[in-house]
Amino acid sequence: MQNRKLDLEGALIARDRVGIQDFVLLDAYTSETAFLDNLKKRFSEDLIYTYIGTLLVSVNPYKDLDIYNKKQMEIYMGVNFFELPPHIYALADNAYHTMLSEANNHFILISGESGAGKTEASKKILQYYAVSCPSLAILDTVRDRMLMSNPVLEAFGNAKTLKNDNSSRFGKYMDIQFNAQGDAVGGHILSYLLEKSRVVHQNHGERNFHVFYQLIESGEEDILRQLGLEKNVQHYKYLAQGECSTVSSINDKNDWKTMRNALSVVDFDKGDIEHLFGIIASVLHLGNVHFERDSKGSATLFGHAELRWVSKLLSVNVQVLQEALTYRKIEAKTDEVLSPFTVDHAIYARDALAKAIYGRTFNWLVNRINHSLENQDPSRKTVIGLLDIYGFEVFHVNSFEQFCINYCNEKLQQLFIQLTLKAEQEEYEAEGIEWEPVQFFNNKIICDLVEEKHRGIIAVLDEECLRPGDATDLTFLEKLEEKMGHHPHFVTHMLADKSTRRSLERGDFRLLHYAGEVTYCVVGFIDKNNDLLYRNIKEVMHHSKNSIVRQCFPSTETEIRRRPETVATQFKNSLQKLTEILMAKEAWYVRCLKSNDSKKPGHFDDVLVRHQVKYLGLMEHLRVRRAGFAYRRRYDVFLQRYKPLCPATWPHWRGLAAEGVETLVKHLGYKHDEYKMGRTKIFIRHPRTLFATEDAYEICKHDLATKIQAKYKGYRVKGEFKKQKEAATKIETCWRGAQARKEREKRAWAVKVIKKFIKGYMTRGQAKTTDNSEYLAFVRQNYLNRLKQNLPKTVLDKTTWQTPPPVLTETSELLRMLHYRLMVRKYVRGITPQRKAELTLKSITSAIFKGKKDSYPQSVAHPFVETRISEDDINIRVLQMVRHERVKCSSGEV
């Protein structure tokens, strides 16, 4: 689209059409309605990204947009954050270059509701780094493994929920390690709170983890046969509960191929893959293990086929496994007693084993991926962390998992506000601007309600899980009411007023989170928090010959007698460590929003988006980011854009940028309270001031463009003329040079010829040598040419023959004789018979009179000359002698 080419300030002129690209520039910045209107206006133009300062807001369009290709990546590489329209590539690129220039660690926090596009955003950032970072063979391997870890973790950790077809049911934090040159050289993944309960139970309309369906629906026949599986999801209890095995947006067959290929790229060997699929199949078989009640009320196994497959796939003894699932081992001093399970206890033990096997295998999978991504270079590295964490969840029925997930969001929101306030305050202090306190909702009170030692909900839950006696979910609720009865953010059925009590069941408690009220059902809290697995079952798993299972159930675990930490405590501690990790890094944020619940392209649900804006704390972040000043830019950037508005700064400002900005804003008439001058930046308090400046720049730009065009066209024409003139001069120079060289060559040749001619002339009388050979040849040729033009025309012509040079005397004589012979031959051939008779007569006459006439020699010398005379010229004596005869012919040569 055309508006994608506009930079942040440049897009201000199109704000009526595409909205504001940075929410900080909204005039009515405290208005949630104005915030939503701007978001909706941009969404309608397929502009799904908007800034709040350096925070990126992303709205899921539920359709493909052509904004993630390689060309787009190249556009955003190495570009200033606000130089181009908002994009996730801009955030990723600026985090990367800031990390390189400042040599410190950063992290990108991606948050939002399930289905808002967090996982896709994480993928886009990874893909951007894979393309934009320097490329070497070993680095390509690391990046390929980083990218291909996603399909593996999605297959084993994602599932279809009511809100999202590809919902991450675990939290993921990934560190990408870079060396000093900016090469991605390693990575490390931390996972948080996998929703193990999904392995054994799914709500209607939901699915188990993707890998189960990929294996059943798309696994090869020989693999399924080795695993004892059938191509029918309905045959497996752990997969059929949700009655939603097929989803139109999920292609299990393609995902299976992608996952299998990814396992190879991430460096899983054939044995690991076989053991991994064996564990997945064993979980499905375990779900089909059925128990019945015997006459004594104890659980007994109904059918052994499924259990035998479990024992085969896990490589454990079938009798020992059966005993572990139907009896509990009780140790009393030195004795061991087997206590039979009831059917309910046996089902609990079976499901606990299934969850433990899957959950620990998932952790092993993450560790195995980390091993393949491990950086071997011990030198110091900088990192960019990528946190893709669960979004705030509110279902019709919210259980222990939603409680932990929403507690996680509370902690991250608290961290988010702290880091934002810290960063904002540090910028003001660095620029010498007085900090103005910002009012915002501090959710520390809610975090304390959940995690406070000895008094928080987690502490009460742990106490109830660990105390002897019959602890139940309801006794846990009673303890909460006892300890937190007066807390403003906690309410139960018993503590609520009449109007609120109607919306609460007796087994519910409600927390007033920063994002809104959430009602939790306490059913299952005790069991899920304990997550107990009987010791004898752990011992059975430890003796497995499946290498993965044996690693997941180490011997040290069975030797430790003290009770392990509860799930909530483990999760609280891991969040504390995560907070410490993040506090040591510079923060960047991506806030993902769902445009609607029905995944309909182009539909913007105002109520749903408003709710997400509220619980993501976007308005609080906007208020903190504004902190009195809506706009801030470095002096050089501000001056570069708006310097045409002041004659003193246009076209060039020769002094300091800060002084130029001061001159500019005074010329524009900024009031003293509308702006502040920091050490490196100008701070403008109200957006309307910036808009007025931008509008003035837009008017000025047209006049300026005309002048620049005229100057530029003149410059172009002048430049073109100069080029043509230079080209003509070069051509003339080259031509003249060529002509001069040709003339020089001619003269050199002429001198050479003349020299040879003179030498030849001087030695013409000598024998043929190298000096006179050419001259003699010339003489011969010249003589022959002259002779050719001046040959005698008749045989009687004795004087016309050319005088030959000495070298051709003999040749000339031969040629003359040949020529005369030729002329005689031609003459003879041309004589008629009559003429021949006459000549014969003459010859006879000549013989008769030879020697008898004084003039004979002369007459004979010219035998062919016409000698007839008239009668008047005949001698009288001759006439007297002839007398009466008539003279027909007379000749003076008789």
# chains A, B, ... in the order shown; residues from 1 in each chain; ligands from 1

$ select_by_dssp --residues "range 215-321 of chain A" --states "strand (DSSP E)" --output "PDB file with all heavy atoms, in the first residue's frame"
ATOM      1  N   HIS A 290      -7.950 -50.122  31.688  1.00  0.00           N
ATOM      2  CA  HIS A 290      -9.246 -50.033  32.379  1.00  0.00           C
ATOM      3  C   HIS A 290      -9.209 -50.866  33.652  1.00  0.00           C
ATOM      4  O   HIS A 290      -8.647 -51.974  33.671  1.00  0.00           O
ATOM      5  CB  HIS A 290     -10.364 -50.538  31.454  1.00  0.00           C
ATOM      6  CG  HIS A 290     -11.725 -50.402  32.032  1.00  0.00           C
ATOM      7  ND1 HIS A 290     -12.284 -49.201  32.377  1.00  0.00           N
ATOM      8  CD2 HIS A 290     -12.653 -51.352  32.344  1.00  0.00           C
ATOM      9  CE1 HIS A 290     -13.496 -49.394  32.862  1.00  0.00           C
ATOM     10  NE2 HIS A 290     -13.744 -50.697  32.862  1.00  0.00           N
ATOM     11  N   PHE A 291      -9.809 -50.322  34.714  1.00  0.00           N
ATOM     12  CA  PHE A 291      -9.834 -51.010  36.006  1.00  0.00           C
ATOM     13  C   PHE A 291     -11.268 -51.351  36.380  1.00  0.00           C
ATOM     14  O   PHE A 291     -12.205 -50.607  36.052  1.00  0.00           O
ATOM     15  CB  PHE A 291      -9.209 -50.141  37.105  1.00  0.00           C
ATOM     16  CG  PHE A 291      -7.784 -49.755  36.838  1.00  0.00           C
ATOM     17  CD1 PHE A 291      -7.466 -48.520  36.292  1.00  0.00           C
ATOM     18  CD2 PHE A 291      -6.750 -50.639  37.135  1.00  0.00           C
ATOM     19  CE1 PHE A 291      -6.161 -48.167  36.043  1.00  0.00           C
ATOM     20  CE2 PHE A 291      -5.427 -50.281  36.886  1.00  0.00           C
ATOM     21  CZ  PHE A 291      -5.138 -49.053  36.343  1.00  0.00           C
ATOM     22  N   GLU A 292     -11.414 -52.465  37.107  1.00  0.00           N
ATOM     23  CA  GLU A 292     -12.715 -52.869  37.649  1.00  0.00           C
ATOM     24  C   GLU A 292     -12.589 -53.145  39.141  1.00  0.00           C
ATOM     25  O   GLU A 292     -11.493 -53.370  39.654  1.00  0.00           O
ATOM     26  CB  GLU A 292     -13.232 -54.118  36.919  1.00  0.00           C
ATOM     27  CG  GLU A 292     -13.691 -53.840  35.499  1.00  0.00           C
ATOM     28  CD  GLU A 292     -14.385 -55.046  34.893  1.00  0.00           C
ATOM     29  OE1 GLU A 292     -14.220 -56.162  35.437  1.00  0.00           O
ATOM     30  OE2 GLU A 292     -15.085 -54.879  33.876  1.00  0.00           O
ATOM     31  N   ARG A 293     -13.718 -53.134  39.799  1.00  0.00           N
ATOM     32  CA  ARG A 293     -13.755 -53.357  41.255  1.00  0.00           C
ATOM     33  C   ARG A 293     -13.983 -54.835  41.540  1.00  0.00           C
ATOM     34  O   ARG A 293     -14.921 -55.438  41.012  1.00  0.00           O
ATOM     35  CB  ARG A 293     -14.882 -52.511  41.847  1.00  0.00           C
ATOM     36  CG  ARG A 293     -14.965 -52.517  43.358  1.00  0.00           C
ATOM     37  CD  ARG A 293     -15.955 -51.434  43.775  1.00  0.00           C
ATOM     38  NE  ARG A 293     -16.127 -51.400  45.214  1.00  0.00           N
ATOM     39  CZ  ARG A 293     -17.069 -52.050  45.880  1.00  0.00           C
ATOM     40  NH1 ARG A 293     -17.945 -52.796  45.206  1.00  0.00           N
ATOM     41  NH2 ARG A 293     -17.168 -51.966  47.192  1.00  0.00           N
ATOM     42  N   ALA A 299      -9.085 -52.412  43.189  1.00  0.00           N
ATOM     43  CA  ALA A 299      -9.009 -52.269  41.734  1.00  0.00           C
ATOM     44  C   ALA A 299      -8.279 -53.458  41.136  1.00  0.00           C
ATOM     45  O   ALA A 299      -7.244 -53.894  41.650  1.00  0.00           O
ATOM     46  CB  ALA A 299      -8.274 -50.979  41.373  1.00  0.00           C
ATOM     47  N   THR A 300      -8.846 -53.961  40.057  1.00  0.00           N
ATOM     48  CA  THR A 300      -8.193 -55.037  39.317  1.00  0.00           C
ATOM     49  C   THR A 300      -8.178 -54.683  37.836  1.00  0.00           C
ATOM     50  O   THR A 300      -9.057 -53.943  37.354  1.00  0.00           O
ATOM     51  CB  THR A 300      -8.928 -56.375  39.541  1.00  0.00           C
ATOM     52  OG1 THR A 300      -8.226 -57.408  38.848  1.00  0.00           O
ATOM     53  CG2 THR A 300     -10.357 -56.301  39.020  1.00  0.00           C
ATOM     54  N   LEU A 301      -7.199 -55.181  37.156  1.00  0.00           N
ATOM     55  CA  LEU A 301      -7.027 -54.827  35.746  1.00  0.00           C
ATOM     56  C   LEU A 301      -8.029 -55.555  34.873  1.00  0.00           C
ATOM     57  O   LEU A 301      -8.251 -56.766  35.030  1.00  0.00           O
ATOM     58  CB  LEU A 301      -5.600 -55.179  35.303  1.00  0.00           C
ATOM     59  CG  LEU A 301      -5.100 -54.503  34.032  1.00  0.00           C
ATOM     60  CD1 LEU A 301      -5.008 -53.006  34.224  1.00  0.00           C
ATOM     61  CD2 LEU A 301      -3.728 -55.065  33.665  1.00  0.00           C
ATOM     62  N   PHE A 302      -8.668 -54.809  33.960  1.00  0.00           N
ATOM     63  CA  PHE A 302      -9.612 -55.403  33.017  1.00  0.00           C
ATOM     64  C   PHE A 302      -8.922 -55.494  31.653  1.00  0.00           C
ATOM     65  O   PHE A 302      -8.813 -54.523  30.922  1.00  0.00           O
ATOM     66  CB  PHE A 302     -10.868 -54.530  32.923  1.00  0.00           C
ATOM     67  CG  PHE A 302     -11.891 -55.067  31.945  1.00  0.00           C
ATOM     68  CD1 PHE A 302     -12.695 -56.133  32.284  1.00  0.00           C
ATOM     69  CD2 PHE A 302     -12.022 -54.508  30.680  1.00  0.00           C
ATOM     70  CE1 PHE A 302     -13.640 -56.625  31.392  1.00  0.00           C
ATOM     71  CE2 PHE A 302     -12.953 -54.994  29.772  1.00  0.00           C
ATOM     72  CZ  PHE A 302     -13.766 -56.066  30.137  1.00  0.00           C
TER      73      PHE A 302
END

$ residues_around --residues "range 185-202 of chain A" --least-positions-apart "2" --cutoff "7 Å" --atoms "only C-alpha atoms" --output "PyMOL selection string"
chain A and resi 139+142+169-179+183+204+206-208+238+241-242+351+355+359+366+370+373-375+401+571

$ residues_around --residues "Tyr348 in chain A" --least-positions-apart "6" --cutoff "10 Å" --atoms "only C-alpha atoms" --output "JSON, numbers by chain"
{"A": [325, 341, 342, 354, 527, 532, 533]}

$ residues_around --residues "Ile108 in chain A" --least-positions-apart "3" --cutoff "10 Å" --atoms "only C-alpha atoms" --output "PyMOL selection string"
chain A and resi 55+91-92+95+111+122+125+173-174+384-388+582+585-590

$ write_last_selection --atoms "N, CA and C atoms" --output "compact mmCIF listing (two decimals), in the first residue's frame"
# COMPACT_ATOMS: atom_id res chain seq x y z
N LEU A 55 7.00 0.48 22.07
CA LEU A 55 6.16 -0.70 22.22
C LEU A 55 5.35 -0.91 20.94
N LEU A 91 11.04 -3.42 15.09
CA LEU A 91 11.37 -3.66 16.49
C LEU A 91 12.52 -4.66 16.61
N ALA A 92 12.45 -5.77 15.85
CA ALA A 92 13.50 -6.79 15.91
C ALA A 92 14.84 -6.20 15.47
N ALA A 95 16.24 -3.68 18.14
CA ALA A 95 16.74 -4.41 19.31
C ALA A 95 18.11 -5.00 18.99
N SER A 111 3.27 -10.65 24.51
CA SER A 111 2.17 -11.05 25.38
C SER A 111 0.84 -10.78 24.69
N SER A 122 6.56 -14.45 17.46
CA SER A 122 7.84 -15.03 17.84
C SER A 122 8.53 -15.65 16.62
N ILE A 125 10.04 -12.93 14.30
CA ILE A 125 11.28 -12.35 14.81
C ILE A 125 12.44 -13.31 14.57
N TYR A 173 10.75 -19.06 27.07
CA TYR A 173 11.71 -17.96 27.00
C TYR A 173 12.94 -18.49 26.29
N MET A 174 13.35 -17.81 25.21
CA MET A 174 14.48 -18.26 24.40
C MET A 174 15.52 -17.16 24.32
N ILE A 384 19.69 -11.66 22.92
CA ILE A 384 18.34 -11.11 22.81
C ILE A 384 17.39 -12.21 23.25
N GLY A 385 16.69 -11.96 24.33
CA GLY A 385 15.72 -12.94 24.83
C GLY A 385 14.38 -12.76 24.14
N LEU A 386 13.69 -13.86 23.95
CA LEU A 386 12.39 -13.83 23.30
C LEU A 386 11.41 -14.55 24.23
N LEU A 387 10.49 -13.80 24.84
CA LEU A 387 9.57 -14.37 25.82
C LEU A 387 8.18 -14.46 25.20
N ASP A 388 7.77 -15.70 24.90
CA ASP A 388 6.42 -15.97 24.40
C ASP A 388 5.67 -16.66 25.52
N LEU A 582 15.03 -11.01 33.33
CA LEU A 582 14.53 -9.91 32.52
C LEU A 582 14.96 -8.55 33.06
N LYS A 585 18.12 -7.07 31.69
CA LYS A 585 18.17 -6.81 30.25
C LYS A 585 17.34 -5.57 29.91
N GLU A 586 17.63 -5.01 28.73
CA GLU A 586 16.82 -3.92 28.20
C GLU A 586 15.56 -4.50 27.56
N ALA A 587 14.42 -3.85 27.79
CA ALA A 587 13.13 -4.44 27.40
C ALA A 587 12.59 -3.82 26.11
N TRP A 588 11.99 -4.70 25.28
CA TRP A 588 11.20 -4.32 24.12
C TRP A 588 9.89 -5.10 24.22
N TYR A 589 8.79 -4.51 23.75
CA TYR A 589 7.49 -5.14 23.98
C TYR A 589 6.70 -5.28 22.69
N VAL A 590 6.01 -6.42 22.59
CA VAL A 590 5.03 -6.64 21.53
C VAL A 590 3.74 -7.05 22.23

$ residues_around --residues "Tyr96 in chain A" --least-positions-apart "2" --cutoff "9 Å" --atoms "only C-alpha atoms" --output "VMD selection string"
chain A and resid 91 to 94 98 to 101 106 129 182 384

$ write_last_selection --atoms "all heavy atoms" --output "compact mmCIF listing (two decimals), in the first residue's frame"
# COMPACT_ATOMS: atom_id res chain seq x y z
N LEU A 91 11.04 -3.42 15.09
CA LEU A 91 11.37 -3.66 16.49
C LEU A 91 12.52 -4.66 16.61
O LEU A 91 13.47 -4.45 17.37
CB LEU A 91 10.13 -4.16 17.23
CG LEU A 91 10.30 -4.39 18.73
CD1 LEU A 91 9.09 -3.84 19.50
CD2 LEU A 91 10.46 -5.87 19.05
N ALA A 92 12.45 -5.77 15.85
CA ALA A 92 13.50 -6.79 15.91
C ALA A 92 14.84 -6.20 15.47
O ALA A 92 15.88 -6.45 16.09
CB ALA A 92 13.12 -7.98 15.04
N ASP A 93 14.83 -5.40 14.40
CA ASP A 93 16.08 -4.85 13.87
C ASP A 93 16.69 -3.85 14.84
O ASP A 93 17.91 -3.85 15.04
CB ASP A 93 15.81 -4.18 12.52
CG ASP A 93 17.08 -3.70 11.85
OD1 ASP A 93 17.80 -4.54 11.28
OD2 ASP A 93 17.37 -2.50 11.92
N ASN A 94 15.87 -3.00 15.45
CA ASN A 94 16.42 -2.00 16.37
C ASN A 94 16.91 -2.63 17.67
O ASN A 94 17.90 -2.17 18.25
CB ASN A 94 15.38 -0.91 16.64
CG ASN A 94 15.35 0.13 15.55
OD1 ASN A 94 16.04 1.13 15.62
ND2 ASN A 94 14.56 -0.12 14.51
N THR A 98 20.78 -2.09 18.55
CA THR A 98 21.06 -1.49 19.85
C THR A 98 21.94 -2.41 20.69
O THR A 98 22.87 -1.97 21.37
CB THR A 98 19.75 -1.19 20.60
OG1 THR A 98 18.91 -0.39 19.78
CG2 THR A 98 20.03 -0.46 21.90
N MET A 99 21.65 -3.71 20.63
CA MET A 99 22.46 -4.70 21.34
C MET A 99 23.91 -4.64 20.85
O MET A 99 24.85 -4.65 21.66
CB MET A 99 21.89 -6.10 21.13
CG MET A 99 22.73 -7.22 21.71
SD MET A 99 22.41 -8.81 20.92
CE MET A 99 23.09 -8.53 19.28
N LEU A 100 24.12 -4.56 19.53
CA LEU A 100 25.47 -4.54 18.99
C LEU A 100 26.21 -3.25 19.36
O LEU A 100 27.38 -3.28 19.73
CB LEU A 100 25.42 -4.68 17.46
CG LEU A 100 25.05 -6.05 16.90
CD1 LEU A 100 25.07 -6.01 15.38
CD2 LEU A 100 26.00 -7.13 17.40
N SER A 101 25.52 -2.12 19.24
CA SER A 101 26.18 -0.83 19.48
C SER A 101 26.48 -0.60 20.95
O SER A 101 27.51 -0.03 21.30
CB SER A 101 25.32 0.31 18.92
OG SER A 101 24.06 0.35 19.59
N HIS A 106 19.34 -7.70 25.72
CA HIS A 106 17.97 -7.22 25.52
C HIS A 106 17.01 -8.40 25.56
O HIS A 106 17.41 -9.55 25.43
CB HIS A 106 17.85 -6.50 24.17
CG HIS A 106 18.62 -5.22 24.09
ND1 HIS A 106 18.02 -4.00 24.01
CD2 HIS A 106 19.95 -4.97 24.09
CE1 HIS A 106 18.93 -3.05 23.96
NE2 HIS A 106 20.12 -3.61 23.99
N TYR A 129 15.82 -12.63 12.17
CA TYR A 129 17.22 -12.78 12.56
C TYR A 129 17.94 -13.81 11.71
O TYR A 129 19.12 -13.68 11.41
CB TYR A 129 17.31 -13.16 14.04
CG TYR A 129 16.96 -12.03 14.98
CD1 TYR A 129 16.31 -12.27 16.19
CD2 TYR A 129 17.26 -10.71 14.65
CE1 TYR A 129 15.98 -11.23 17.04
CE2 TYR A 129 16.92 -9.67 15.50
CZ TYR A 129 16.28 -9.94 16.70
OH TYR A 129 15.95 -8.90 17.52
N GLY A 182 27.89 -9.88 15.51
CA GLY A 182 26.45 -9.94 15.26
C GLY A 182 25.98 -11.26 14.71
O GLY A 182 24.84 -11.37 14.25
N ILE A 384 19.69 -11.66 22.92
CA ILE A 384 18.34 -11.11 22.81
C ILE A 384 17.39 -12.21 23.25
O ILE A 384 17.34 -13.29 22.64
CB ILE A 384 18.01 -10.66 21.37
CG1 ILE A 384 18.88 -9.48 20.97
CG2 ILE A 384 16.53 -10.29 21.27
CD1 ILE A 384 18.62 -8.98 19.56

$ residues_around --residues "Trp309 in chain A" --least-positions-apart "4" --cutoff "12 Å" --atoms "only C-alpha atoms" --output "PDB file with C-alpha atoms, in the first residue's frame"
ATOM      1  CA  ARG A 225       2.252 -51.305  13.749  1.00  0.00           C
ATOM      2  CA  GLN A 226       5.428 -51.232  15.843  1.00  0.00           C
ATOM      3  CA  LEU A 227       3.704 -48.957  18.361  1.00  0.00           C
ATOM      4  CA  GLY A 228       0.491 -51.013  18.474  1.00  0.00           C
ATOM      5  CA  LEU A 229      -1.639 -48.086  17.308  1.00  0.00           C
ATOM      6  CA  GLY A 278       7.319 -45.032  21.889  1.00  0.00           C
ATOM      7  CA  ILE A 279       6.637 -42.782  24.888  1.00  0.00           C
ATOM      8  CA  ILE A 280       3.870 -40.931  23.029  1.00  0.00           C
ATOM      9  CA  ALA A 281       2.236 -44.242  22.090  1.00  0.00           C
ATOM     10  CA  SER A 282       2.602 -45.579  25.647  1.00  0.00           C
ATOM     11  CA  VAL A 283       0.617 -42.570  26.952  1.00  0.00           C
ATOM     12  CA  LEU A 284      -2.230 -43.403  24.545  1.00  0.00           C
ATOM     13  CA  HIS A 285      -2.184 -47.076  25.576  1.00  0.00           C
ATOM     14  CA  LEU A 286      -2.067 -46.064  29.225  1.00  0.00           C
ATOM     15  CA  GLY A 287      -5.242 -44.051  28.772  1.00  0.00           C
ATOM     16  CA  ASN A 288      -7.007 -47.225  27.571  1.00  0.00           C
ATOM     17  CA  VAL A 289      -5.957 -49.254  30.632  1.00  0.00           C
ATOM     18  CA  GLY A 303      -7.695 -56.869  30.100  1.00  0.00           C
ATOM     19  CA  HIS A 304      -3.926 -56.942  29.760  1.00  0.00           C
ATOM     20  CA  ALA A 305      -3.381 -56.085  26.092  1.00  0.00           C
ATOM     21  CA  LEU A 313       7.120 -49.419  24.725  1.00  0.00           C
ATOM     22  CA  LEU A 314       8.532 -48.262  28.053  1.00  0.00           C
ATOM     23  CA  SER A 315      10.704 -51.389  28.353  1.00  0.00           C
ATOM     24  CA  VAL A 316       9.512 -52.276  31.873  1.00  0.00           C
ATOM     25  CA  ASN A 317       8.290 -55.553  33.378  1.00  0.00           C
ATOM     26  CA  VAL A 318       4.553 -55.917  32.830  1.00  0.00           C
ATOM     27  CA  LEU A 321       3.982 -52.200  36.194  1.00  0.00           C
TER      28      LEU A 321
END

$ closest_residue --among "A:Leu415, A:Leu224, A:Ala324, A:Leu704" --to "Val540 in chain A" --atoms "only C-alpha atoms"
A:Ala324

$ select_by_dssp --residues "range 31-139 of chain A" --states "helix (DSSP H, G or I)" --output "PyMOL selection string"
chain A and resi 32-44+70-76+88-102+118-132+137-139

$ decode --residues "range 162-179 of chain A" --atoms "N, CA and C atoms" --output "compact mmCIF listing (two decimals), in the first residue's frame"
# COMPACT_ATOMS: atom_id res chain seq x y z
N LEU A 162 -10.61 -23.69 23.09
CA LEU A 162 -11.84 -23.05 22.61
C LEU A 162 -11.55 -21.70 21.96
N LYS A 163 -10.42 -21.08 22.31
CA LYS A 163 -10.13 -19.75 21.80
C LYS A 163 -9.10 -19.73 20.69
N ASN A 164 -8.33 -20.82 20.56
CA ASN A 164 -7.20 -20.79 19.62
C ASN A 164 -6.91 -22.20 19.15
N ASP A 165 -6.76 -22.35 17.83
CA ASP A 165 -6.48 -23.68 17.28
C ASP A 165 -5.03 -24.10 17.49
N ASN A 166 -4.16 -23.16 17.79
CA ASN A 166 -2.75 -23.50 17.99
C ASN A 166 -2.24 -22.77 19.23
N SER A 167 -2.86 -23.08 20.35
CA SER A 167 -2.55 -22.38 21.60
C SER A 167 -1.34 -23.00 22.28
N SER A 168 -0.38 -22.17 22.66
CA SER A 168 0.78 -22.66 23.41
C SER A 168 0.34 -22.95 24.84
N ARG A 169 0.48 -24.21 25.22
CA ARG A 169 0.08 -24.61 26.57
C ARG A 169 1.28 -24.68 27.50
N PHE A 170 2.27 -23.85 27.20
CA PHE A 170 3.44 -23.69 28.06
C PHE A 170 4.04 -22.33 27.77
N GLY A 171 4.81 -21.82 28.71
CA GLY A 171 5.51 -20.56 28.48
C GLY A 171 6.91 -20.85 27.97
N LYS A 172 7.41 -19.98 27.10
CA LYS A 172 8.74 -20.21 26.52
C LYS A 172 9.55 -18.93 26.53
N TYR A 173 10.75 -19.06 27.07
CA TYR A 173 11.71 -17.96 27.00
C TYR A 173 12.94 -18.49 26.29
N MET A 174 13.35 -17.81 25.21
CA MET A 174 14.48 -18.26 24.40
C MET A 174 15.52 -17.16 24.32
N ASP A 175 16.74 -17.50 24.71
CA ASP A 175 17.88 -16.59 24.56
C ASP A 175 18.57 -16.89 23.24
N ILE A 176 18.73 -15.87 22.39
CA ILE A 176 19.51 -16.00 21.16
C ILE A 176 20.85 -15.32 21.41
N GLN A 177 21.93 -16.06 21.28
CA GLN A 177 23.26 -15.55 21.62
C GLN A 177 23.96 -15.06 20.36
N PHE A 178 24.56 -13.86 20.47
CA PHE A 178 25.28 -13.25 19.35
C PHE A 178 26.72 -12.95 19.75
N ASN A 179 27.63 -13.11 18.80
CA ASN A 179 29.01 -12.72 19.08
C ASN A 179 29.21 -11.25 18.74
